[in-house]
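File shown here: entry28.csv, holding CSV, C-alpha atoms.
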```csv
chain,number,residue,atom,x,y,z
A,1,MET,CA,-70.2,-34.4,83.8
A,2,LYS,CA,-69.3,-37.4,85.9
A,3,LYS,CA,-65.8,-37.4,84.5
A,4,LEU,CA,-65.4,-33.7,85.3
A,5,VAL,CA,-66.4,-34.3,88.9
A,6,LEU,CA,-64.0,-37.1,89.1
A,7,LEU,CA,-61.2,-35.0,87.7
A,8,LEU,CA,-62.0,-32.1,90.1
A,9,VAL,CA,-61.9,-34.5,93.1
A,10,ALA,CA,-58.9,-36.6,91.9
A,11,TRP,CA,-56.7,-33.7,90.9
A,12,PRO,CA,-56.2,-32.2,94.4
A,13,LEU,CA,-56.0,-35.7,95.9
A,14,CYS,CA,-53.2,-36.6,93.5
A,15,ALA,CA,-51.4,-33.3,94.4
A,16,LEU,CA,-51.8,-34.3,98.1
A,17,ALA,CA,-50.4,-37.8,97.5
A,18,GLN,CA,-47.0,-36.8,96.2
A,19,GLY,CA,-44.1,-35.3,98.2
A,20,GLU,CA,-42.6,-35.6,101.6
A,21,THR,CA,-44.3,-34.1,104.7
A,22,PHE,CA,-42.6,-31.8,107.2
A,23,THR,CA,-44.1,-30.6,110.5
A,24,LEU,CA,-43.7,-27.3,112.3
A,25,THR,CA,-45.2,-26.9,115.8
A,26,ILE,CA,-46.3,-23.7,117.3
A,27,LYS,CA,-46.1,-23.5,121.1
A,28,ASP,CA,-46.1,-20.4,123.3
A,29,HIS,CA,-46.2,-18.4,120.1
A,30,ARG,CA,-42.9,-19.8,118.8
A,31,PHE,CA,-42.1,-22.2,115.9
A,32,GLN,CA,-40.4,-25.5,116.6
A,33,PRO,CA,-38.1,-26.0,114.8
A,34,ALA,CA,-37.5,-22.3,113.9
A,35,GLU,CA,-35.3,-23.4,111.0
A,36,LEU,CA,-36.2,-26.3,108.7
A,37,ALA,CA,-34.4,-27.7,105.7
A,38,VAL,CA,-36.7,-28.7,102.9
A,39,PRO,CA,-35.8,-30.1,99.4
A,40,ALA,CA,-35.5,-27.6,96.6
A,41,GLY,CA,-37.0,-28.3,93.2
A,42,LYS,CA,-39.9,-30.5,94.3
A,43,LYS,CA,-43.3,-30.4,95.9
A,44,PHE,CA,-43.6,-31.1,99.6
A,45,HIS,CA,-46.1,-30.8,102.4
A,46,LEU,CA,-45.8,-28.6,105.4
A,47,VAL,CA,-48.1,-29.4,108.4
A,48,VAL,CA,-48.3,-26.6,110.9
A,49,ASP,CA,-49.5,-27.8,114.3
A,50,ASN,CA,-50.8,-25.0,116.5
A,51,GLN,CA,-50.6,-26.3,120.0
A,52,ASP,CA,-51.5,-22.9,121.5
A,53,ALA,CA,-55.1,-22.3,122.5
A,54,THR,CA,-55.2,-19.1,120.5
A,55,PRO,CA,-55.4,-18.8,116.7
A,56,GLU,CA,-52.3,-17.9,114.6
A,57,GLU,CA,-51.8,-16.8,111.0
A,58,PHE,CA,-49.0,-18.6,109.2
A,59,GLU,CA,-47.7,-16.1,106.8
A,60,SER,CA,-44.8,-16.0,104.3
A,61,HIS,CA,-44.6,-13.3,101.7
A,62,LYS,CA,-41.9,-15.2,99.9
A,63,LEU,CA,-43.8,-18.5,99.9
A,64,ARG,CA,-47.0,-16.7,99.0
A,65,VAL,CA,-48.8,-18.3,101.9
A,66,GLU,CA,-51.4,-16.8,104.2
A,67,LYS,CA,-53.3,-19.2,106.4
A,68,VAL,CA,-55.1,-18.8,109.7
A,69,ILE,CA,-54.8,-21.8,112.0
A,70,PRO,CA,-57.3,-21.9,114.8
A,71,GLY,CA,-56.1,-22.8,118.4
A,72,LYS,CA,-55.3,-26.5,118.9
A,73,ALA,CA,-55.6,-27.2,115.2
A,74,LYS,CA,-53.3,-28.3,112.4
A,75,ALA,CA,-53.1,-26.9,108.9
A,76,SER,CA,-51.5,-28.6,105.9
A,77,LEU,CA,-49.9,-26.7,103.1
A,78,THR,CA,-48.6,-27.9,99.8
A,79,LEU,CA,-45.5,-26.0,98.8
A,80,GLY,CA,-42.9,-25.9,96.1
A,81,PRO,CA,-41.1,-26.6,93.9
A,82,LEU,CA,-38.9,-24.0,95.5
A,83,LYS,CA,-35.7,-22.5,94.2
A,84,PRO,CA,-32.8,-23.0,96.6
A,85,GLY,CA,-32.7,-20.3,99.2
A,86,ALA,CA,-34.1,-19.0,102.5
A,87,TYR,CA,-37.8,-18.5,102.9
A,88,PRO,CA,-38.7,-16.6,106.1
A,89,PHE,CA,-42.1,-17.0,107.6
A,90,VAL,CA,-43.9,-15.6,110.7
A,91,GLY,CA,-46.9,-16.1,112.8
A,92,GLU,CA,-48.6,-12.8,112.0
A,93,PHE,CA,-50.6,-12.6,115.2
A,94,HIS,CA,-47.4,-12.9,117.3
A,95,GLU,CA,-44.8,-11.6,115.0
A,96,SER,CA,-42.3,-10.6,117.7
A,97,THR,CA,-41.8,-14.3,118.8
A,98,ALA,CA,-43.2,-16.5,116.1
A,99,LYS,CA,-40.5,-16.3,113.4
A,100,GLY,CA,-38.8,-19.0,111.4
A,101,VAL,CA,-37.0,-19.8,108.1
A,102,LEU,CA,-37.4,-22.7,105.6
A,103,HIS,CA,-34.1,-23.5,103.9
A,104,ALA,CA,-34.6,-25.0,100.4
A,105,ARG,CA,-31.6,-27.0,99.5
B,1,MET,CA,-49.8,-1.9,121.9
B,2,LEU,CA,-47.7,-1.3,118.8
B,3,ALA,CA,-48.1,-4.9,117.5
B,4,SER,CA,-51.9,-4.8,117.7
B,5,ALA,CA,-52.0,-1.3,116.2
B,6,VAL,CA,-49.9,-2.5,113.2
B,7,ILE,CA,-52.0,-5.6,112.5
B,8,VAL,CA,-55.3,-3.8,112.9
B,9,PHE,CA,-54.0,-1.0,110.7
B,10,ARG,CA,-52.9,-3.5,108.0
B,11,GLU,CA,-56.2,-5.2,107.9
B,12,THR,CA,-58.3,-2.0,108.1
B,13,LEU,CA,-56.3,-0.4,105.4
B,14,GLU,CA,-57.5,-2.6,102.6
B,15,ALA,CA,-61.1,-2.4,103.6
B,16,ALA,CA,-60.9,1.3,104.1
B,17,LEU,CA,-59.4,1.9,100.7
B,18,ILE,CA,-62.1,-0.2,99.1
B,19,VAL,CA,-64.8,1.7,100.9
B,20,ALA,CA,-63.3,5.0,99.8
B,21,ILE,CA,-63.4,3.9,96.2
B,22,VAL,CA,-66.9,2.6,96.5
B,23,LEU,CA,-68.0,6.0,98.0
B,24,GLY,CA,-66.2,7.8,95.2
B,25,ALA,CA,-67.7,5.6,92.4
B,26,SER,CA,-71.2,6.1,93.7
B,27,ARG,CA,-70.8,9.8,94.1
B,28,GLY,CA,-74.0,11.8,93.4
B,29,VAL,CA,-76.4,8.9,94.1
B,30,LEU,CA,-79.0,9.6,96.7
B,31,GLY,CA,-78.7,7.5,99.9
B,32,ARG,CA,-75.3,6.0,99.1
B,33,GLY,CA,-74.1,6.7,102.6
B,34,ARG,CA,-76.8,4.5,104.0
B,35,TRP,CA,-76.0,1.7,101.5
B,36,VAL,CA,-72.3,1.8,102.1
B,37,GLY,CA,-72.8,2.2,105.9
B,38,GLY,CA,-75.0,-0.9,105.7
B,39,GLY,CA,-72.4,-2.7,103.8
B,40,VAL,CA,-69.8,-2.0,106.5
B,41,ALA,CA,-72.2,-3.1,109.3
B,42,LEU,CA,-73.1,-6.3,107.4
B,43,GLY,CA,-69.5,-7.0,106.8
B,44,ALA,CA,-68.5,-6.5,110.4
B,45,CYS,CA,-71.3,-8.9,111.6
B,46,GLY,CA,-70.1,-11.3,108.9
B,47,ALA,CA,-66.5,-11.0,110.2
B,48,VAL,CA,-67.5,-12.0,113.7
B,49,LEU,CA,-69.3,-15.0,112.2
B,50,VAL,CA,-66.3,-16.0,110.1
B,51,ALA,CA,-64.1,-15.7,113.2
B,52,LEU,CA,-66.5,-17.9,115.2
B,53,PHE,CA,-66.6,-20.6,112.6
B,54,ALA,CA,-62.9,-20.2,111.6
B,55,GLY,CA,-62.2,-23.8,112.8
B,56,ALA,CA,-65.0,-25.3,110.8
B,57,ILE,CA,-64.1,-23.2,107.7
B,58,ALA,CA,-60.4,-24.2,107.9
B,59,SER,CA,-61.0,-27.9,108.2
B,60,ALA,CA,-63.7,-28.0,105.5
B,61,VAL,CA,-62.9,-29.5,102.1
B,62,GLU,CA,-59.9,-31.4,103.3
B,63,GLY,CA,-58.3,-28.3,104.9
B,64,ARG,CA,-58.8,-26.1,101.9
B,65,GLY,CA,-61.9,-24.4,103.2
B,66,GLN,CA,-60.2,-21.2,104.1
B,67,GLU,CA,-58.6,-20.8,100.7
B,68,LEU,CA,-61.8,-21.6,98.9
B,69,PHE,CA,-63.8,-19.2,101.1
B,70,ASN,CA,-61.3,-16.4,100.6
B,71,ALA,CA,-61.3,-17.0,96.8
B,72,ALA,CA,-65.1,-17.1,96.7
B,73,VAL,CA,-65.3,-13.8,98.6
B,74,LEU,CA,-62.8,-12.1,96.3
B,75,LEU,CA,-64.4,-13.4,93.1
B,76,ALA,CA,-67.9,-12.3,94.3
B,77,ALA,CA,-66.4,-8.8,94.9
B,78,VAL,CA,-64.9,-8.9,91.4
B,79,LEU,CA,-68.3,-9.7,89.8
B,80,MET,CA,-70.0,-6.9,91.7
B,81,LEU,CA,-67.3,-4.3,90.7
B,82,ALA,CA,-67.5,-5.5,87.1
B,83,TRP,CA,-71.3,-5.1,87.1
B,84,HIS,CA,-71.0,-1.6,88.5
B,85,ASN,CA,-68.4,-0.5,86.0
B,86,ILE,CA,-70.3,-2.0,83.0
B,87,TRP,CA,-73.5,-0.3,84.2
B,88,MET,CA,-71.7,3.0,84.7
B,89,ALA,CA,-70.1,2.8,81.2
B,90,SER,CA,-73.5,3.6,79.7
B,91,HIS,CA,-74.9,5.8,82.4
B,92,ALA,CA,-72.0,8.0,83.6
B,93,ARG,CA,-72.6,10.9,81.1
B,94,GLN,CA,-76.3,11.2,81.9
B,95,HIS,CA,-75.5,10.8,85.6
B,96,VAL,CA,-73.1,13.8,85.6
B,97,ALA,CA,-75.6,15.9,83.5
B,98,GLU,CA,-78.3,15.2,86.1
B,99,MET,CA,-76.1,16.0,89.0
B,100,ARG,CA,-75.2,19.3,87.4
B,101,HIS,CA,-78.8,20.1,86.5
B,102,LEU,CA,-80.4,19.2,89.8
B,103,GLY,CA,-77.5,20.5,91.8
B,104,HIS,CA,-78.0,17.6,94.2
B,105,ASP,CA,-78.0,13.9,94.4
B,106,VAL,CA,-80.1,11.9,91.9
B,107,ARG,CA,-82.4,9.0,92.7
B,108,GLU,CA,-81.3,6.6,90.0
B,109,GLY,CA,-78.5,4.2,90.4
B,110,VAL,CA,-80.0,2.1,93.1
B,111,LYS,CA,-79.1,-1.0,91.0
B,112,PRO,CA,-75.3,-0.4,91.1
B,113,LEU,CA,-75.6,0.7,94.7
B,114,SER,CA,-76.7,-2.7,95.8
B,115,ALA,CA,-73.6,-4.0,94.0
B,116,MET,CA,-71.4,-1.5,95.9
B,117,LEU,CA,-73.1,-2.5,99.2
B,118,ALA,CA,-72.1,-6.1,98.5
B,119,VAL,CA,-68.5,-5.0,97.6
B,120,THR,CA,-68.2,-3.1,100.9
B,121,ALA,CA,-69.6,-5.9,103.0
B,122,LEU,CA,-67.3,-8.5,101.3
B,123,ALA,CA,-64.2,-6.3,101.9
B,124,VAL,CA,-65.0,-5.7,105.5
B,125,LEU,CA,-65.9,-9.4,106.0
B,126,ARG,CA,-62.6,-10.7,104.7
B,127,GLU,CA,-60.3,-8.2,106.4
B,128,GLY,CA,-62.4,-8.1,109.5
B,129,GLY,CA,-62.5,-11.8,110.1
B,130,GLU,CA,-58.7,-12.0,110.5
B,131,THR,CA,-58.7,-8.9,112.8
B,132,VAL,CA,-61.3,-10.4,115.0
B,133,LEU,CA,-59.3,-13.7,115.3
B,134,PHE,CA,-56.2,-11.8,116.1
B,135,LEU,CA,-57.8,-9.6,118.7
B,136,TYR,CA,-59.5,-12.6,120.3
B,137,GLY,CA,-56.2,-14.4,120.5
B,138,ILE,CA,-54.5,-11.6,122.3
B,139,TRP,CA,-57.5,-11.1,124.5
B,140,ALA,CA,-57.7,-14.8,125.5
B,141,GLY,CA,-53.9,-15.0,125.7
B,142,GLY,CA,-53.7,-12.8,128.7
B,143,GLY,CA,-51.9,-9.8,127.3
B,144,SER,CA,-52.7,-6.4,128.6
B,145,ARG,CA,-56.2,-5.7,127.5
B,146,ALA,CA,-56.0,-1.9,127.9
B,147,GLU,CA,-53.1,-1.9,125.5
B,148,LEU,CA,-55.0,-4.1,123.2
B,149,VAL,CA,-58.0,-1.9,123.0
B,150,ALA,CA,-55.8,1.2,122.6
B,151,GLY,CA,-53.7,-0.4,119.9
B,152,GLY,CA,-56.7,-1.8,118.1
B,153,ALA,CA,-58.4,1.6,118.2
B,154,ALA,CA,-55.3,3.4,116.9
B,155,GLY,CA,-54.9,0.9,114.1
B,156,LEU,CA,-58.5,1.2,113.1
B,157,ALA,CA,-58.3,5.0,113.1
B,158,GLY,CA,-55.1,4.9,111.1
B,159,GLY,CA,-56.5,2.7,108.4
B,160,ALA,CA,-59.7,4.7,108.3
B,161,LEU,CA,-57.7,7.9,107.9
B,162,VAL,CA,-55.9,6.6,104.8
B,163,GLY,CA,-59.4,5.8,103.4
B,164,VAL,CA,-60.7,9.3,104.2
B,165,LEU,CA,-57.6,10.9,102.6
B,166,LEU,CA,-58.1,8.8,99.4
B,167,TYR,CA,-61.8,9.8,99.3
B,168,PHE,CA,-61.1,13.5,99.6
B,169,GLY,CA,-58.3,13.1,97.1
B,170,LEU,CA,-60.7,11.6,94.6
B,171,LEU,CA,-63.2,14.5,95.2
B,172,LYS,CA,-60.5,16.9,93.9
B,173,ILE,CA,-60.9,15.4,90.4
B,174,PRO,CA,-63.1,17.6,88.2
B,175,LEU,CA,-66.6,16.2,87.8
B,176,ARG,CA,-66.1,16.0,84.0
B,177,HIS,CA,-63.4,13.4,84.5
B,178,PHE,CA,-64.5,12.0,87.8
B,179,PHE,CA,-66.3,8.8,86.7
B,180,THR,CA,-63.7,8.1,84.1
B,181,VAL,CA,-61.1,8.0,86.8
B,182,THR,CA,-63.2,6.1,89.3
B,183,GLY,CA,-64.0,3.7,86.5
B,184,VAL,CA,-60.4,3.0,85.9
B,185,ILE,CA,-59.6,2.6,89.6
B,186,VAL,CA,-62.6,0.1,90.0
B,187,LEU,CA,-61.3,-1.8,86.9
B,188,LEU,CA,-57.8,-2.1,88.3
B,189,LEU,CA,-59.1,-2.9,91.8
B,190,ALA,CA,-61.3,-5.8,90.3
B,191,ALA,CA,-58.3,-7.1,88.4
B,192,GLY,CA,-56.1,-7.1,91.5
B,193,LEU,CA,-58.7,-8.9,93.6
B,194,ALA,CA,-59.1,-11.5,90.9
B,195,ALA,CA,-55.3,-12.1,91.1
B,196,GLY,CA,-55.6,-12.5,94.8
B,197,ALA,CA,-58.3,-15.1,94.3
B,198,ALA,CA,-56.0,-17.0,91.9
B,199,ASN,CA,-53.3,-17.0,94.6
B,200,TYR,CA,-55.7,-18.6,97.1
B,201,LEU,CA,-56.8,-21.2,94.6
B,202,ALA,CA,-53.1,-22.0,93.8
B,203,GLN,CA,-52.4,-22.2,97.6
B,204,ALA,CA,-55.2,-24.8,97.8
B,205,GLY,CA,-53.6,-26.7,95.0
B,206,LEU,CA,-56.6,-26.2,92.7
B,207,LEU,CA,-54.8,-24.1,90.1
B,208,PRO,CA,-51.2,-24.5,88.9
B,209,ARG,CA,-49.0,-21.4,89.5
B,210,ILE,CA,-47.7,-21.7,85.9
B,211,SER,CA,-44.6,-19.8,86.9
B,212,GLU,CA,-43.5,-19.2,90.5
B,213,GLU,CA,-42.3,-15.7,89.8
B,214,VAL,CA,-42.7,-13.8,86.6
B,215,TRP,CA,-40.7,-10.9,87.9
B,216,ASP,CA,-39.2,-9.6,91.1
B,217,SER,CA,-39.5,-5.9,91.8
B,218,SER,CA,-39.4,-6.2,95.6
B,219,ALA,CA,-36.1,-4.2,95.7
B,220,LEU,CA,-37.8,-1.4,93.8
B,221,LEU,CA,-41.1,-1.3,95.7
B,222,SER,CA,-42.0,-4.1,98.1
B,223,THR,CA,-45.6,-4.9,98.7
B,224,GLU,CA,-44.7,-5.1,102.4
B,225,SER,CA,-44.1,-1.3,102.5
B,226,LEU,CA,-47.0,1.1,103.0
B,227,VAL,CA,-46.9,2.5,99.5
B,228,GLY,CA,-46.6,-1.0,98.1
B,229,ARG,CA,-49.5,-2.2,100.2
B,230,VAL,CA,-51.7,0.7,99.1
B,231,LEU,CA,-50.9,0.2,95.5
B,232,HIS,CA,-51.5,-3.5,95.9
B,233,VAL,CA,-55.1,-2.8,96.9
B,234,LEU,CA,-55.7,0.0,94.5
B,235,VAL,CA,-54.2,-1.3,91.3
B,236,GLY,CA,-53.2,-4.8,92.2
B,237,TYR,CA,-49.5,-4.1,92.3
B,238,ASN,CA,-47.5,-7.2,93.1
B,239,ASP,CA,-43.7,-7.3,93.5
B,240,ARG,CA,-43.4,-11.0,92.7
B,241,PRO,CA,-46.5,-12.2,90.8
B,242,SER,CA,-46.9,-15.8,89.9
B,243,GLY,CA,-48.0,-16.8,86.4
B,244,ILE,CA,-51.5,-17.6,87.4
B,245,GLU,CA,-51.9,-14.2,89.2
B,246,LEU,CA,-50.8,-12.3,86.2
B,247,LEU,CA,-53.1,-14.4,84.0
B,248,PHE,CA,-56.1,-13.7,86.2
B,249,TYR,CA,-55.2,-10.0,86.4
B,250,VAL,CA,-54.9,-9.6,82.6
B,251,VAL,CA,-58.0,-11.6,81.7
B,252,THR,CA,-60.2,-9.8,84.3
B,253,LEU,CA,-58.9,-6.4,83.1
B,254,THR,CA,-59.4,-7.0,79.4
B,255,THR,CA,-62.8,-8.7,79.9
B,256,ILE,CA,-64.3,-5.9,82.0
B,257,ALA,CA,-62.7,-3.2,79.8
B,258,ALA,CA,-64.2,-4.8,76.6
B,259,LEU,CA,-67.7,-5.1,78.2
B,260,MET,CA,-67.5,-1.4,79.3
B,261,ARG,CA,-66.5,-0.4,75.8
B,262,ARG,CA,-69.4,-2.3,74.3
B,263,GLU,CA,-71.8,-0.8,76.8
B,264,SER,CA,-70.6,2.8,76.4
B,265,ARG,CA,-71.3,2.6,72.6
B,266,ARG,CA,-74.9,1.5,73.2
B,267,PRO,CA,-77.6,4.2,73.8
B,268,ALA,CA,-78.9,4.2,77.4
B,269,PRO,CA,-81.9,1.8,77.8
B,270,PRO,CA,-85.4,3.3,77.7
B,271,ALA,CA,-86.2,2.2,81.3
B,272,HIS,CA,-83.8,4.8,82.4
B,273,GLU,CA,-86.0,7.7,81.2
B,274,LYS,CA,-88.7,6.8,83.6
B,275,ALA,CA,-86.2,6.9,86.5
B,276,ALA,CA,-84.9,10.3,85.7
B,277,PRO,CA,-87.6,12.4,84.0
B,278,VAL,CA,-86.0,15.8,85.0
B,279,ALA,CA,-82.9,15.5,82.9
B,280,ASN,CA,-84.9,14.3,79.8
B,281,HIS,CA,-87.2,17.3,79.7
B,282,ARG,CA,-84.3,19.6,79.0
```
Output the structure of this file as structure tokens.
Amino acid sequence: MKKLVLLLVAWPLCALAQGETFTLTIKDHRFQPAELAVPAGKKFHLVVDNQDATPEEFESHKLRVEKVIPGKAKASLTLGPLKPGAYPFVGEFHESTAKGVLHAR
Amino acid sequence: MLASAVIVFRETLEAALIVAIVLGASRGVLGRGRWVGGGVALGACGAVLVALFAGAIASAVEGRGQELFNAAVLLAAVLMLAWHNIWMASHARQHVAEMRHLGHDVREGVKPLSAMLAVTALAVLREGGETVLFLYGIWAGGGSRAELVAGGAAGLAGGALVGVLLYFGLLKIPLRHFFTVTGVIVLLLAAGLAAGAANYLAQAGLLPRISEEVWDSSALLSTESLVGRVLHVLVGYNDRPSGIELLFYVVTLTTIAALMRRESRRPAPPAHEKAAPVANHR
């Protein structure tokens, strides 16, 4: 049982430990940068820093991600390994301005 | 106004479709309107709570709280739908006979009704939480509040309308086949929700995706389109399923189907006779 608990705790921690970290900032309902190059074929972390006071939902159909980020909060996502290509994402709550693309190369 | 209408419509749609299915599946049971209505009200209260504590949920469990919460809500709904379906597998025939004989709703079936109340509440809770957060953001962000209210109301009405259409569509099915059809829909719905839970667990890094993309039929029918979205809720259609989603879908489907099959071969339990004496005197 102890081993199982250890495994359950250690597994996600290990997953967290590997891979580079990239940061996207949300300000005035826009992503900065709006285009971001990420490595293809390996895991990486994406921190989305919502500097607006209002919540936003980071959503990408192609990346299979849907995550609500409260106002003035950060969210961390573990993504990949991705095939080379463009992965558009939006802030669903402000879709007209909050748009961006990850380029996996 | 359009933006808020579109978002509220999207979120309402899923909950409305699930409520329509629940109403269909509990057809002929006395007091189901109250149960399902109670489920919607409970879910709406829960949605406000979820929105209030969104920050705490999101930062819990090393930032995985939201994914775990969503997965738990989905899996709870899957269990309730499975329970309902397995129970109906052995009771549907008698239920129809009683409905015909009495010519009105029957008293039995309170047990699965409590399961359906839970499913309704969970569906509204999950979709409603996001809607509340979105509306709050626009409200606090200083946009036009009149437009927001109008858009939100239009979206809500649109989503509810699709649910109503589905419900009346279901009622067109002859009673003889009715519960067979709703049984299949509930089964597929449960499998689809299980796949959704798998996706959240994979997003949290707790499950491997196995394969990033088993197939890609987004050119044929995208889950972003209205039809794709409706099918996504109803039968779990996914234009680009990952391996883990497909696995959860298939395992849930076959497990519930096998239990339904086993149950339908068993004679109805004797406790049932007490609950519905009229039909047994025939």
With chain A as the partner and 7 Å as the cut-off, tabulate the residues of chain B that qualify, each row holding the nearest pair of atoms and their distance in Å to one decimal, using only C-alpha atoms, sorted by chain and rising number, as CSV.
```
residue,atom,partner,partner_atom,distance
B:Ala54,CA,A:Pro70,CA,6.7
B:Gly55,CA,A:Pro70,CA,5.6
B:Gly63,CA,A:Ala75,CA,6.7
B:Leu133,CA,A:Pro55,CA,6.6
B:Phe134,CA,A:Phe93,CA,5.7
B:Gly137,CA,A:Thr54,CA,4.8
B:Gly141,CA,A:Thr54,CA,6.7
B:Gln203,CA,A:Val65,CA,6.8
B:Gly205,CA,A:Pro12,CA,6.1
B:Leu206,CA,A:Pro12,CA,6.2
```
Straight-line distance linking atom CA of B:Ala72 with atom CA of B:Leu253, stated in Å to one decimal: 18.4 Å
Pick from A:Leu102, A:Phe58, A:Val47, A:Tyr87 nearest to A:Arg30, counting all atoms listed in the file: A:Phe58
Atom CA of B:Gly152 to atom CA of B:Ala3, distance in Å rounded to a single decimal: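 Pair atom CA of B:Gly152 / atom CA of B:Ala3 returns 9.2 Å.
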Interatomic distance (Å, one decimal) between atom CA of B:Leu117 and atom CA of B:Phe248: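 A separation of 24.2 Å between them.
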Residue contacts of A:Ala37 (7 Å, all atoms listed in the file) excluding same-chain residues fewer than 2 positions away, as a PyMOL selection string: chain A and resi 35+39+102-105
Include C-alpha atoms and write out the residues we just selected as a PDB file, keeping the file's coordinate frame.
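Below you can see result_19.pdb, which holds the result:
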```pdb
ATOM      1  CA  GLU A  35     -35.300 -23.400 111.000  1.00  0.00           C
ATOM      2  CA  PRO A  39     -35.800 -30.100  99.400  1.00  0.00           C
ATOM      3  CA  LEU A 102     -37.400 -22.700 105.600  1.00  0.00           C
ATOM      4  CA  HIS A 103     -34.100 -23.500 103.900  1.00  0.00           C
ATOM      5  CA  ALA A 104     -34.600 -25.000 100.400  1.00  0.00           C
ATOM      6  CA  ARG A 105     -31.600 -27.000  99.500  1.00  0.00           C
TER       7      ARG A 105
END
```
Distance query 7 Å from (-71.4, -2.5, 78.4) using only C-alpha atoms, result as a list of chain:residue names: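 Output of the proximity query reads B:Ile86, B:Trp87, B:Ala89, B:Ser90, B:Leu259, B:Met260, B:Arg261, B:Arg262, B:Glu263, B:Ser264.
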Kindly add N, CA and C atoms to the incomplete stretch 41-55 of chain A and provide the output as an mmCIF file, in the coordinates of the input.
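Saved as out-v9.cif:
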```
data_model
loop_
_atom_site.group_PDB
_atom_site.id
_atom_site.type_symbol
_atom_site.label_atom_id
_atom_site.label_comp_id
_atom_site.auth_asym_id
_atom_site.auth_seq_id
_atom_site.Cartn_x
_atom_site.Cartn_y
_atom_site.Cartn_z
ATOM 1 N N GLY A 41 -36.697 -27.695 94.523
ATOM 2 C CA GLY A 41 -37.000 -28.300 93.200
ATOM 3 C C GLY A 41 -38.105 -29.338 93.221
ATOM 4 N N LYS A 42 -38.721 -29.608 94.366
ATOM 5 C CA LYS A 42 -39.900 -30.500 94.300
ATOM 6 C C LYS A 42 -40.946 -30.120 95.325
ATOM 7 N N LYS A 43 -42.129 -30.668 95.058
ATOM 8 C CA LYS A 43 -43.300 -30.400 95.900
ATOM 9 C C LYS A 43 -43.103 -31.071 97.265
ATOM 10 N N PHE A 44 -43.583 -30.449 98.316
ATOM 11 C CA PHE A 44 -43.600 -31.100 99.600
ATOM 12 C C PHE A 44 -44.763 -30.555 100.433
ATOM 13 N N HIS A 45 -45.049 -31.203 101.532
ATOM 14 C CA HIS A 45 -46.100 -30.800 102.400
ATOM 15 C C HIS A 45 -45.607 -30.235 103.691
ATOM 16 N N LEU A 46 -46.232 -29.192 104.163
ATOM 17 C CA LEU A 46 -45.800 -28.600 105.400
ATOM 18 C C LEU A 46 -47.081 -28.643 106.339
ATOM 19 N N VAL A 47 -46.977 -29.383 107.433
ATOM 20 C CA VAL A 47 -48.100 -29.400 108.400
ATOM 21 C C VAL A 47 -47.694 -28.441 109.514
ATOM 22 N N VAL A 48 -48.553 -27.478 109.795
ATOM 23 C CA VAL A 48 -48.300 -26.600 110.900
ATOM 24 C C VAL A 48 -49.264 -26.914 112.016
ATOM 25 N N ASP A 49 -48.699 -27.326 113.134
ATOM 26 C CA ASP A 49 -49.500 -27.800 114.300
ATOM 27 C C ASP A 49 -49.513 -26.735 115.343
ATOM 28 N N ASN A 50 -50.645 -26.074 115.469
ATOM 29 C CA ASN A 50 -50.800 -25.000 116.500
ATOM 30 C C ASN A 50 -51.217 -25.595 117.795
ATOM 31 N N GLN A 51 -50.299 -25.731 118.733
ATOM 32 C CA GLN A 51 -50.600 -26.300 120.000
ATOM 33 C C GLN A 51 -51.080 -25.267 121.046
ATOM 34 N N ASP A 52 -50.995 -24.000 120.643
ATOM 35 C CA ASP A 52 -51.500 -22.900 121.500
ATOM 36 C C ASP A 52 -53.020 -22.939 121.482
ATOM 37 N N ALA A 53 -53.619 -22.328 122.490
ATOM 38 C CA ALA A 53 -55.100 -22.300 122.500
ATOM 39 C C ALA A 53 -55.620 -21.160 121.640
ATOM 40 N N THR A 54 -54.725 -20.231 121.242
ATOM 41 C CA THR A 54 -55.200 -19.100 120.500
ATOM 42 C C THR A 54 -54.843 -19.263 118.981
ATOM 43 N N PRO A 55 -55.623 -18.618 118.095
ATOM 44 C CA PRO A 55 -55.400 -18.800 116.700
ATOM 45 C C PRO A 55 -54.048 -18.079 116.241
#
```
